[in-house]
Every structure is written in structure tokens, then in C-alpha cells.
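Heads up: the structure comes next, in C-alpha cells.
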Amino acid sequence: MTKEITSFDELDLREPTLKALQRMGFTAPTPIQAQTIPVMMDGHDLIAKAPTGTGKTCAFGIPLLECLDPDCTDIQAVVVCPTRELCLQIAEELRQLAAFRPDVRIAAIYGGQPIGKQLTALKKNPHIVVATPGRLLDHMGRRTAWLGNVYTAVLDEADEMLKMGFIKDVRRILNATPADTQVVMFSATISRDVMDVAWEYQHNAVEISVAAEGDNRPQIDQYGLMSSGSRRLEDMTRIIDQMDYHRVMVFANMKTSVRQLCDRLHKQGRSVDCLHGDIPQSQRNQVMTGFREGKFEILVATDVAARGIEPDQFCLNESCHNMTRDDLIQATADLERNPHVAQHGENQCSDCHKAHRASVNMCSQCHNDAPIPEGWISAADNTALEKELDSLNKA
Ligand code: ADP
Ligand code: MG
């Protein structure tokens, strides 16, 4: 690596981009930005591994904007991401970056929004399309989106997207781009699927990896709690009450368990609402706004539906049952890198009752005699649990 880059001025960016960055309040590139921007601007394929919250959107967004030709009316860059929330977030950040480039057009294409509105956006010949895989394929099938002149394809949250079963879709999308398209992958982890796609679609890719450290590392206490199937709800509400949490997210892995859990909490008289894939987009937005504004205290959601929301205090993962010890360790790692857990929340939290953020993984013991994984506590072990809650309360 050559000299370390510490300011945006060293990156050879155009004046409007520098101005936009200034307006966004960004004074210096984050490490992943400093490393990836020159590589992408040189046209290399890239695999960038960096934890959540390290500024990956601008890391690919800046080079996309720098390299595009506003006079060309074809789609030049496509950003594929796993969820509509992320899709909207990315499009918004790109629009901010392009604030002083009135000639640049960006379209967000995602499932759940009426197709008509997106047709209008696509008819305006966007330079950059940010999309979820299914809806993009839909438009490609209708010939309302043509990728034959795409210069750069970005897969954001590549590991997550492939893990969610989008691998075929992603392949079909990449197959529709020219063979020499620059393929760029951003991911928090480099999974087997990510490697497969890299192997198939990238050429001499540059690999960049940024570790979570210091300020990068989310300030979140994390612990695991072994409970039993029938006592999980009780153990969960006990923690919520004892810790006096007022903004809690609970993740469950299926729509049915989300609905059930929501019902049960409601019956206990708690203010609760839920999010899952069957809830229409307009209503989802309402639920999310309600949660952000503190209109109810507990949000139960499937992991996927809840992407992009930032709980202030507490996040509880109720989804791992019947898991092996390795699964548990993986689940803890997954949770740690979830964007809604990992975002820093100090500022948004000034009026919160308590600015404490913690996450709990809950799990039922598959066999009563199964060993408790290291670092996990058993809900049945009252002393250990009290001690843990006590230390969290003091944190
Ligand atoms: P990631 O995709 O790695 O999870 P994001 O791109 O969503 O991270 O960025 C996380 C947050 O950091 C966002 O709020 C973003 O606006 C902000 N951010 C990005 N780049 C910078 C920078 N250079 N300086 C300050 N804040 C930044
Ligand atoms: Mg991101």
C-alpha cells in the first residue's frame, strides 16, 4: 500500500462530489473508502470486506458517480442489494452525493412498490439503478431495464443477499451485463457463495479488508441466554422489565412466530407491533415510523423485514432454536453485524430513557443436558442471570 489517504482531496474527485461530501458533513474518507475508491476508479474488480457502519455505500457510490457519462442514456451502473429498505437507503445516499450533479439520474427499483412508478423512473433513462434482484429481473424481462451497456455492477451486502437465496437471480443479472463489466462486491463476510460468484464473474479482483476496531466497532453489549421453549417469552419480558427497556426489537425467524409473539405480548398489555414479509409496504413504513417515533415499545420482526431500522436500546434475537453450538456462535456473529444492531445510536438517543444498547440471543436448549456454550447463561440459573443483568444495568 502506498501513502495513506487521509482527505477526500487526495482522491482526485470532481468539484461537485467534494462539495456534496462537504455538505453531507464528511471531512475525511473512512478506511474502506480510502482504499476502495482509487481501486474502483481504476476499473478493477473488487471484493471489499468491511463490517457494518464503515461507510461502504460511499465507498462504491463515489466512484460510480465519478466514472459515469451523463450524456449516455443507457444504465451504466447497477447496484444490487438484498432488501427494499437498503435499496432506498443507498439511492438516497447516492442522490445526496449527486446533489450538485443535476444531470445525473438515479432510480430505485424494488419489490412492493407499484411497477408503474418504477416504469416512469426507468423511462427517464437513469444512469444508476439501485435494485433488489427480483424486481430488477422483472423489469429486465419486460425489457424496461437493459443492462447491456452496464459499466459497473455492485453487489452490496453480497453475503447476505446470497444467503437469502438470491444467487440464481444475481447470476442472471450479472449474465445480462457485458463480459467485461467491472464487478464489485461489498460484504461483511466472505462466504463460500461470495467466493463462487467472485470466481465466476471477476477477473484479477483486488481484495480489500477492513477490520472492525476502535470507533468502527459497534458499542453493543452482547450476551446469550439459554431458555426453554415454553419459558422463552417469560424470560424475555423479564429482561425487558428488569432493564426498563422502552425501545426493543425482537427478531424471530418466521412470519408465524412473529405474529404469535406479537399477539402474546399484546395480550400482556404491552405496546407492540410487528413487521414481516406479508405486511404491505405502505403499512410497513407506518410501523417503522411509529417505532422510530416511540409510538410503541416493542417491535417484533423477521430479520429481513427489519433491516435498516435502528433500535436504541435493546435487540433480542429470539430466532435460534434447536441450534448446535457452532450455529449459536454464528448467530451471535450474524447479529453483531446486523445493520440495525450495529449502527451507533448515541446521538439519536438523547431523549431516551436509557441510552443502553444490548443484544440478547435467546435459544432453547435442545437437550436438557446439552452443554451451555461458553459465554452464554442459562435462564434457569437465576444467580448468573441476575449478576449479568446487574452488570448491564451499571454499564
Ligand atoms: P455500511 O454500508 O458500511 O454499513 P454506510 O455506508 O451505511 O455503512 O455508512 C454508515 C454511516 O456512516 C452512514 O450514516 C453514512 O452517512 C456515514 N458515513 C459514510 N462515510 C462517511 C465519512 N467519510 N465520514 C463520516 N460519515 C460517513
Ligand atoms: Mg451498507
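By order in the C-alpha cells, chains are A, B, ...; within a chain, residues start at 1; ligands start at 1, following the order shown.
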
> Which polymer residues have any atom within 7 Å of an atom of stretch 170-177 of chain A, counting only C-alpha atoms, with same-chain residues fewer than 4 positions away left out, as a PyMOL selection string?
Replying inline: chain A and resi 133+137+147-150+166+181

Closest pair table for stretch 34-94 of chain A residues within 12 Å of stretch 264-286 of chain A, only C-alpha atoms, as a tab-separated table:
residue	atom	partner	partner_atom	distance
A:Thr83	CA	A:Gly277	CA	10.8
A:Arg84	CA	A:Gln281	CA	9.3
A:Glu85	CA	A:Asn285	CA	9.6
A:Leu88	CA	A:Asn285	CA	11.9

Writing out the chosen residues with N, CA, C and O atoms as a CSV table (one decimal), in the first residue's frame:
chain,number,residue,atom,x,y,z
A,83,THR,N,-32.5,-5.9,0.2
A,83,THR,CA,-33.9,-5.5,0.7
A,83,THR,C,-34.3,-4.1,0.1
A,83,THR,O,-33.4,-3.3,-0.2
A,84,ARG,N,-35.6,-3.9,0.2
A,84,ARG,CA,-36.1,-2.6,-0.3
A,84,ARG,C,-35.6,-1.5,0.6
A,84,ARG,O,-35.3,-0.4,0.1
A,85,GLU,N,-35.5,-1.7,1.9
A,85,GLU,CA,-35.1,-0.7,2.8
A,85,GLU,C,-33.7,-0.2,2.4
A,85,GLU,O,-33.4,0.9,2.3
A,88,LEU,N,-33.6,1.7,-0.8
A,88,LEU,CA,-34.0,3.1,-0.6
A,88,LEU,C,-32.9,3.9,0.0
A,88,LEU,O,-32.6,5.1,-0.3

>> With only C-alpha atoms as the counted atoms, please give the residues lying no more than 12 Å from A:Leu18, apart from itself and same-chain residues fewer than 3 positions off, as number ranges by chain.
In response: A: 7-15, 21-29, 62, 65-66, 96-101

Atoms kept (N, CA, C and O atoms) for selection, written as an mmCIF file, in the first residue's frame:
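Once written, out01.cif looks like this:
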data_model
loop_
_atom_site.group_PDB
_atom_site.id
_atom_site.type_symbol
_atom_site.label_atom_id
_atom_site.label_comp_id
_atom_site.auth_asym_id
_atom_site.auth_seq_id
_atom_site.Cartn_x
_atom_site.Cartn_y
_atom_site.Cartn_z
ATOM 1 N N SER A 7 -7.554 12.538 3.273
ATOM 2 C CA SER A 7 -8.598 13.511 2.956
ATOM 3 C C SER A 7 -9.176 13.223 1.581
ATOM 4 O O SER A 7 -8.542 12.584 0.738
ATOM 5 N N PHE A 8 -10.415 13.674 1.357
ATOM 6 C CA PHE A 8 -11.071 13.432 0.076
ATOM 7 C C PHE A 8 -10.325 14.146 -1.054
ATOM 8 O O PHE A 8 -10.371 13.722 -2.204
ATOM 9 N N ASP A 9 -9.602 15.234 -0.713
ATOM 10 C CA ASP A 9 -8.888 15.990 -1.745
ATOM 11 C C ASP A 9 -7.834 15.144 -2.441
ATOM 12 O O ASP A 9 -7.471 15.393 -3.585
ATOM 13 N N GLU A 10 -7.331 14.137 -1.738
ATOM 14 C CA GLU A 10 -6.266 13.314 -2.326
ATOM 15 C C GLU A 10 -6.797 12.275 -3.295
ATOM 16 O O GLU A 10 -6.033 11.527 -3.879
ATOM 17 N N LEU A 11 -8.115 12.201 -3.441
ATOM 18 C CA LEU A 11 -8.690 11.120 -4.238
ATOM 19 C C LEU A 11 -9.032 11.521 -5.668
ATOM 20 O O LEU A 11 -9.654 10.749 -6.395
ATOM 21 N N ASP A 12 -8.638 12.725 -6.074
ATOM 22 C CA ASP A 12 -8.917 13.138 -7.450
ATOM 23 C C ASP A 12 -10.398 13.168 -7.771
ATOM 24 O O ASP A 12 -10.816 12.680 -8.817
ATOM 25 N N LEU A 13 -11.185 13.686 -6.885
ATOM 26 C CA LEU A 13 -12.626 13.722 -7.134
ATOM 27 C C LEU A 13 -13.007 15.044 -7.785
ATOM 28 O O LEU A 13 -12.304 16.051 -7.647
ATOM 29 N N ARG A 14 -14.143 15.015 -8.485
ATOM 30 C CA ARG A 14 -14.609 16.242 -9.118
ATOM 31 C C ARG A 14 -15.150 17.202 -8.076
ATOM 32 O O ARG A 14 -15.620 16.795 -7.011
ATOM 33 N N GLU A 15 -15.159 18.466 -8.478
ATOM 34 C CA GLU A 15 -15.610 19.524 -7.586
ATOM 35 C C GLU A 15 -17.025 19.266 -7.016
ATOM 36 O O GLU A 15 -17.229 19.381 -5.813
ATOM 37 N N LEU A 21 -19.853 16.117 -0.507
ATOM 38 C CA LEU A 21 -19.311 15.484 0.701
ATOM 39 C C LEU A 21 -19.246 16.489 1.841
ATOM 40 O O LEU A 21 -19.550 16.178 2.992
ATOM 41 N N GLN A 22 -18.859 17.679 1.475
ATOM 42 C CA GLN A 22 -18.769 18.731 2.480
ATOM 43 C C GLN A 22 -20.152 19.017 3.061
ATOM 44 O O GLN A 22 -20.332 19.124 4.268
ATOM 45 N N ARG A 23 -21.137 19.088 2.154
ATOM 46 C CA ARG A 23 -22.497 19.349 2.593
ATOM 47 C C ARG A 23 -23.027 18.221 3.480
ATOM 48 O O ARG A 23 -23.811 18.431 4.396
ATOM 49 N N MET A 24 -22.576 17.001 3.182
ATOM 50 C CA MET A 24 -23.016 15.862 3.986
ATOM 51 C C MET A 24 -22.283 15.813 5.325
ATOM 52 O O MET A 24 -22.577 14.974 6.186
ATOM 53 N N GLY A 25 -21.290 16.672 5.468
ATOM 54 C CA GLY A 25 -20.560 16.741 6.728
ATOM 55 C C GLY A 25 -19.435 15.725 6.844
ATOM 56 O O GLY A 25 -18.931 15.464 7.934
ATOM 57 N N PHE A 26 -19.035 15.154 5.713
ATOM 58 C CA PHE A 26 -17.951 14.177 5.734
ATOM 59 C C PHE A 26 -16.629 14.902 5.489
ATOM 60 O O PHE A 26 -16.424 15.488 4.450
ATOM 61 N N THR A 27 -15.746 14.833 6.454
ATOM 62 C CA THR A 27 -14.493 15.566 6.301
ATOM 63 C C THR A 27 -13.364 14.693 5.766
ATOM 64 O O THR A 27 -12.497 15.164 5.048
ATOM 65 N N ALA A 28 -13.380 13.412 6.129
ATOM 66 C CA ALA A 28 -12.301 12.525 5.670
ATOM 67 C C ALA A 28 -12.895 11.182 5.274
ATOM 68 O O ALA A 28 -13.915 10.762 5.814
ATOM 69 N N PRO A 29 -12.251 10.511 4.314
ATOM 70 C CA PRO A 29 -12.778 9.187 3.936
ATOM 71 C C PRO A 29 -12.568 8.187 5.064
ATOM 72 O O PRO A 29 -11.593 8.274 5.803
ATOM 73 N N ILE A 62 -19.205 6.880 -4.571
ATOM 74 C CA ILE A 62 -18.356 7.953 -5.104
ATOM 75 C C ILE A 62 -17.745 7.554 -6.458
ATOM 76 O O ILE A 62 -17.907 8.272 -7.441
ATOM 77 N N LEU A 65 -20.309 7.583 -9.327
ATOM 78 C CA LEU A 65 -20.666 8.917 -9.799
ATOM 79 C C LEU A 65 -19.524 9.560 -10.564
ATOM 80 O O LEU A 65 -19.730 10.254 -11.553
ATOM 81 N N GLU A 66 -18.305 9.316 -10.103
ATOM 82 C CA GLU A 66 -17.147 9.916 -10.759
ATOM 83 C C GLU A 66 -16.999 9.410 -12.190
ATOM 84 O O GLU A 66 -16.586 10.133 -13.070
ATOM 85 N N GLN A 96 -27.718 12.190 -2.506
ATOM 86 C CA GLN A 96 -27.018 13.245 -1.752
ATOM 87 C C GLN A 96 -25.638 13.508 -2.337
ATOM 88 O O GLN A 96 -25.204 14.643 -2.450
ATOM 89 N N LEU A 97 -24.965 12.407 -2.706
ATOM 90 C CA LEU A 97 -23.634 12.560 -3.309
ATOM 91 C C LEU A 97 -23.718 13.286 -4.643
ATOM 92 O O LEU A 97 -22.773 13.951 -5.066
ATOM 93 N N ALA A 98 -24.855 13.133 -5.328
ATOM 94 C CA ALA A 98 -25.029 13.735 -6.646
ATOM 95 C C ALA A 98 -25.769 15.066 -6.562
ATOM 96 O O ALA A 98 -26.249 15.578 -7.570
ATOM 97 N N ALA A 99 -25.844 15.634 -5.362
ATOM 98 C CA ALA A 99 -26.641 16.847 -5.152
ATOM 99 C C ALA A 99 -26.228 17.978 -6.100
ATOM 100 O O ALA A 99 -27.062 18.793 -6.494
ATOM 101 N N PHE A 100 -24.955 18.013 -6.449
ATOM 102 C CA PHE A 100 -24.505 19.090 -7.342
ATOM 103 C C PHE A 100 -24.259 18.587 -8.764
ATOM 104 O O PHE A 100 -23.487 19.167 -9.517
ATOM 105 N N ARG A 101 -24.875 17.474 -9.077
ATOM 106 C CA ARG A 101 -24.793 16.933 -10.442
ATOM 107 C C ARG A 101 -26.222 16.774 -10.967
ATOM 108 O O ARG A 101 -26.740 15.665 -11.046
#

> Do you know which residues are within 12 Å of ligand 2 using only C-alpha atoms and all ligand atoms? Can you write them as a PyMOL selection string?
Replying inline: chain A and resi 32+48-61+79-83+85-91+93+154-161+185-188+307-308+337-340+342-343

Save out the residues we just selected, C-alpha atoms, as a PDB file, in the first residue's frame.
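Result file is again-v6.pdb:
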ATOM      1  CA  ILE A  32     -12.670   1.377   3.432  1.00  0.00           C
ATOM      2  CA  ALA A  48     -14.320  -5.443  -0.166  1.00  0.00           C
ATOM      3  CA  LYS A  49     -14.907  -6.910   3.239  1.00  0.00           C
ATOM      4  CA  ALA A  50     -15.831  -4.470   5.944  1.00  0.00           C
ATOM      5  CA  PRO A  51     -18.157  -4.540   8.922  1.00  0.00           C
ATOM      6  CA  THR A  52     -21.412  -2.644   9.028  1.00  0.00           C
ATOM      7  CA  GLY A  53     -21.205   1.068   9.552  1.00  0.00           C
ATOM      8  CA  THR A  54     -17.825   1.584   7.923  1.00  0.00           C
ATOM      9  CA  GLY A  55     -19.167   3.668   5.039  1.00  0.00           C
ATOM     10  CA  LYS A  56     -19.409   1.138   2.245  1.00  0.00           C
ATOM     11  CA  THR A  57     -22.191   2.982   0.414  1.00  0.00           C
ATOM     12  CA  CYS A  58     -19.982   5.970  -0.354  1.00  0.00           C
ATOM     13  CA  ALA A  59     -17.060   3.635  -0.969  1.00  0.00           C
ATOM     14  CA  PHE A  60     -18.807   2.423  -4.113  1.00  0.00           C
ATOM     15  CA  GLY A  61     -21.120   5.414  -4.610  1.00  0.00           C
ATOM     16  CA  VAL A  79     -26.273  -1.684  -7.533  1.00  0.00           C
ATOM     17  CA  VAL A  80     -27.962  -4.864  -6.366  1.00  0.00           C
ATOM     18  CA  CYS A  81     -28.869  -5.228  -2.707  1.00  0.00           C
ATOM     19  CA  PRO A  82     -30.977  -7.640  -0.656  1.00  0.00           C
ATOM     20  CA  THR A  83     -33.868  -5.533   0.662  1.00  0.00           C
ATOM     21  CA  GLU A  85     -35.105  -0.670   2.798  1.00  0.00           C
ATOM     22  CA  LEU A  86     -31.453  -0.931   1.875  1.00  0.00           C
ATOM     23  CA  CYS A  87     -32.301  -0.099  -1.720  1.00  0.00           C
ATOM     24  CA  LEU A  88     -33.967   3.137  -0.635  1.00  0.00           C
ATOM     25  CA  GLN A  89     -31.111   3.990   1.720  1.00  0.00           C
ATOM     26  CA  ILE A  90     -28.490   3.509  -0.974  1.00  0.00           C
ATOM     27  CA  ALA A  91     -30.449   5.503  -3.555  1.00  0.00           C
ATOM     28  CA  GLU A  93     -27.154   8.401  -0.207  1.00  0.00           C
ATOM     29  CA  VAL A 154     -22.091  -3.580  -7.451  1.00  0.00           C
ATOM     30  CA  LEU A 155     -23.348  -6.301  -5.142  1.00  0.00           C
ATOM     31  CA  ASP A 156     -23.940  -4.701  -1.770  1.00  0.00           C
ATOM     32  CA  GLU A 157     -24.254  -6.938   1.285  1.00  0.00           C
ATOM     33  CA  ALA A 158     -23.274  -9.729  -1.064  1.00  0.00           C
ATOM     34  CA  ASP A 159     -23.041 -12.403   1.619  1.00  0.00           C
ATOM     35  CA  GLU A 160     -26.452 -11.538   2.988  1.00  0.00           C
ATOM     36  CA  MET A 161     -28.025 -11.425  -0.445  1.00  0.00           C
ATOM     37  CA  MET A 185     -18.743  -6.907  -4.149  1.00  0.00           C
ATOM     38  CA  PHE A 186     -19.186  -5.401  -0.724  1.00  0.00           C
ATOM     39  CA  SER A 187     -19.751  -7.745   2.111  1.00  0.00           C
ATOM     40  CA  ALA A 188     -19.352  -8.021   5.843  1.00  0.00           C
ATOM     41  CA  ARG A 307     -33.267  -4.319   8.025  1.00  0.00           C
ATOM     42  CA  GLY A 308     -32.420  -0.669   8.184  1.00  0.00           C
ATOM     43  CA  ARG A 337     -23.120  -7.403  12.023  1.00  0.00           C
ATOM     44  CA  ASN A 338     -26.783  -6.703  11.504  1.00  0.00           C
ATOM     45  CA  PRO A 339     -27.103  -3.075  10.478  1.00  0.00           C
ATOM     46  CA  HIS A 340     -29.948  -2.352  12.836  1.00  0.00           C
ATOM     47  CA  ALA A 342     -24.622  -2.202  14.683  1.00  0.00           C
ATOM     48  CA  GLN A 343     -25.478   1.409  13.972  1.00  0.00           C
TER      49      GLN A 343
END

>> What's around A:Pro114 at 12 Å? Count only C-alpha atoms, leave out sequence neighbours fewer than 3 positions away in its own chain, and write the answer as number ranges by chain.
In response: A: 109-111, 117-121, 135, 280-282

Let's have the selection written as a PDB file, in the first residue's frame, with N, CA and C atoms.
ATOM      1  N   ILE A 109     -35.330   0.616  -7.646  1.00  0.00           N
ATOM      2  CA  ILE A 109     -36.259  -0.383  -8.205  1.00  0.00           C
ATOM      3  C   ILE A 109     -36.358  -1.534  -7.215  1.00  0.00           C
ATOM      4  N   TYR A 110     -37.522  -1.679  -6.575  1.00  0.00           N
ATOM      5  CA  TYR A 110     -37.616  -2.719  -5.560  1.00  0.00           C
ATOM      6  C   TYR A 110     -39.016  -3.311  -5.523  1.00  0.00           C
ATOM      7  N   GLY A 111     -39.098  -4.502  -5.000  1.00  0.00           N
ATOM      8  CA  GLY A 111     -40.383  -5.173  -4.896  1.00  0.00           C
ATOM      9  C   GLY A 111     -41.287  -4.466  -3.912  1.00  0.00           C
ATOM     10  N   LYS A 117     -44.847   3.265 -11.189  1.00  0.00           N
ATOM     11  CA  LYS A 117     -43.998   4.368 -10.750  1.00  0.00           C
ATOM     12  C   LYS A 117     -42.545   4.117 -11.182  1.00  0.00           C
ATOM     13  N   GLN A 118     -42.171   2.847 -11.102  1.00  0.00           N
ATOM     14  CA  GLN A 118     -40.802   2.498 -11.481  1.00  0.00           C
ATOM     15  C   GLN A 118     -40.616   2.591 -12.993  1.00  0.00           C
ATOM     16  N   LEU A 119     -41.701   2.288 -13.735  1.00  0.00           N
ATOM     17  CA  LEU A 119     -41.613   2.411 -15.195  1.00  0.00           C
ATOM     18  C   LEU A 119     -41.318   3.851 -15.573  1.00  0.00           C
ATOM     19  N   THR A 120     -41.978   4.762 -14.887  1.00  0.00           N
ATOM     20  CA  THR A 120     -41.741   6.176 -15.152  1.00  0.00           C
ATOM     21  C   THR A 120     -40.282   6.519 -14.885  1.00  0.00           C
ATOM     22  N   ALA A 121     -39.762   6.019 -13.758  1.00  0.00           N
ATOM     23  CA  ALA A 121     -38.363   6.307 -13.403  1.00  0.00           C
ATOM     24  C   ALA A 121     -37.422   5.706 -14.451  1.00  0.00           C
ATOM     25  N   ARG A 135     -37.131  -7.719  -8.490  1.00  0.00           N
ATOM     26  CA  ARG A 135     -37.796  -6.674  -9.254  1.00  0.00           C
ATOM     27  C   ARG A 135     -36.962  -6.247 -10.464  1.00  0.00           C
ATOM     28  N   PRO A 280     -47.972  -5.206   3.757  1.00  0.00           N
ATOM     29  CA  PRO A 280     -47.715  -4.370   2.576  1.00  0.00           C
ATOM     30  C   PRO A 280     -46.790  -3.187   2.889  1.00  0.00           C
ATOM     31  N   GLN A 281     -46.081  -2.767   1.871  1.00  0.00           N
ATOM     32  CA  GLN A 281     -45.057  -1.748   2.041  1.00  0.00           C
ATOM     33  C   GLN A 281     -45.567  -0.483   2.738  1.00  0.00           C
ATOM     34  N   SER A 282     -46.765  -0.021   2.355  1.00  0.00           N
ATOM     35  CA  SER A 282     -47.252   1.245   2.920  1.00  0.00           C
ATOM     36  C   SER A 282     -47.419   1.091   4.435  1.00  0.00           C
TER      37      SER A 282
END

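With distances taken over only C-alpha atoms and all ligand atoms, A:Thr189 is the one residue among A:Gln113, A:Thr256, A:Thr189, A:Gln76 lying closest to ligand 1.
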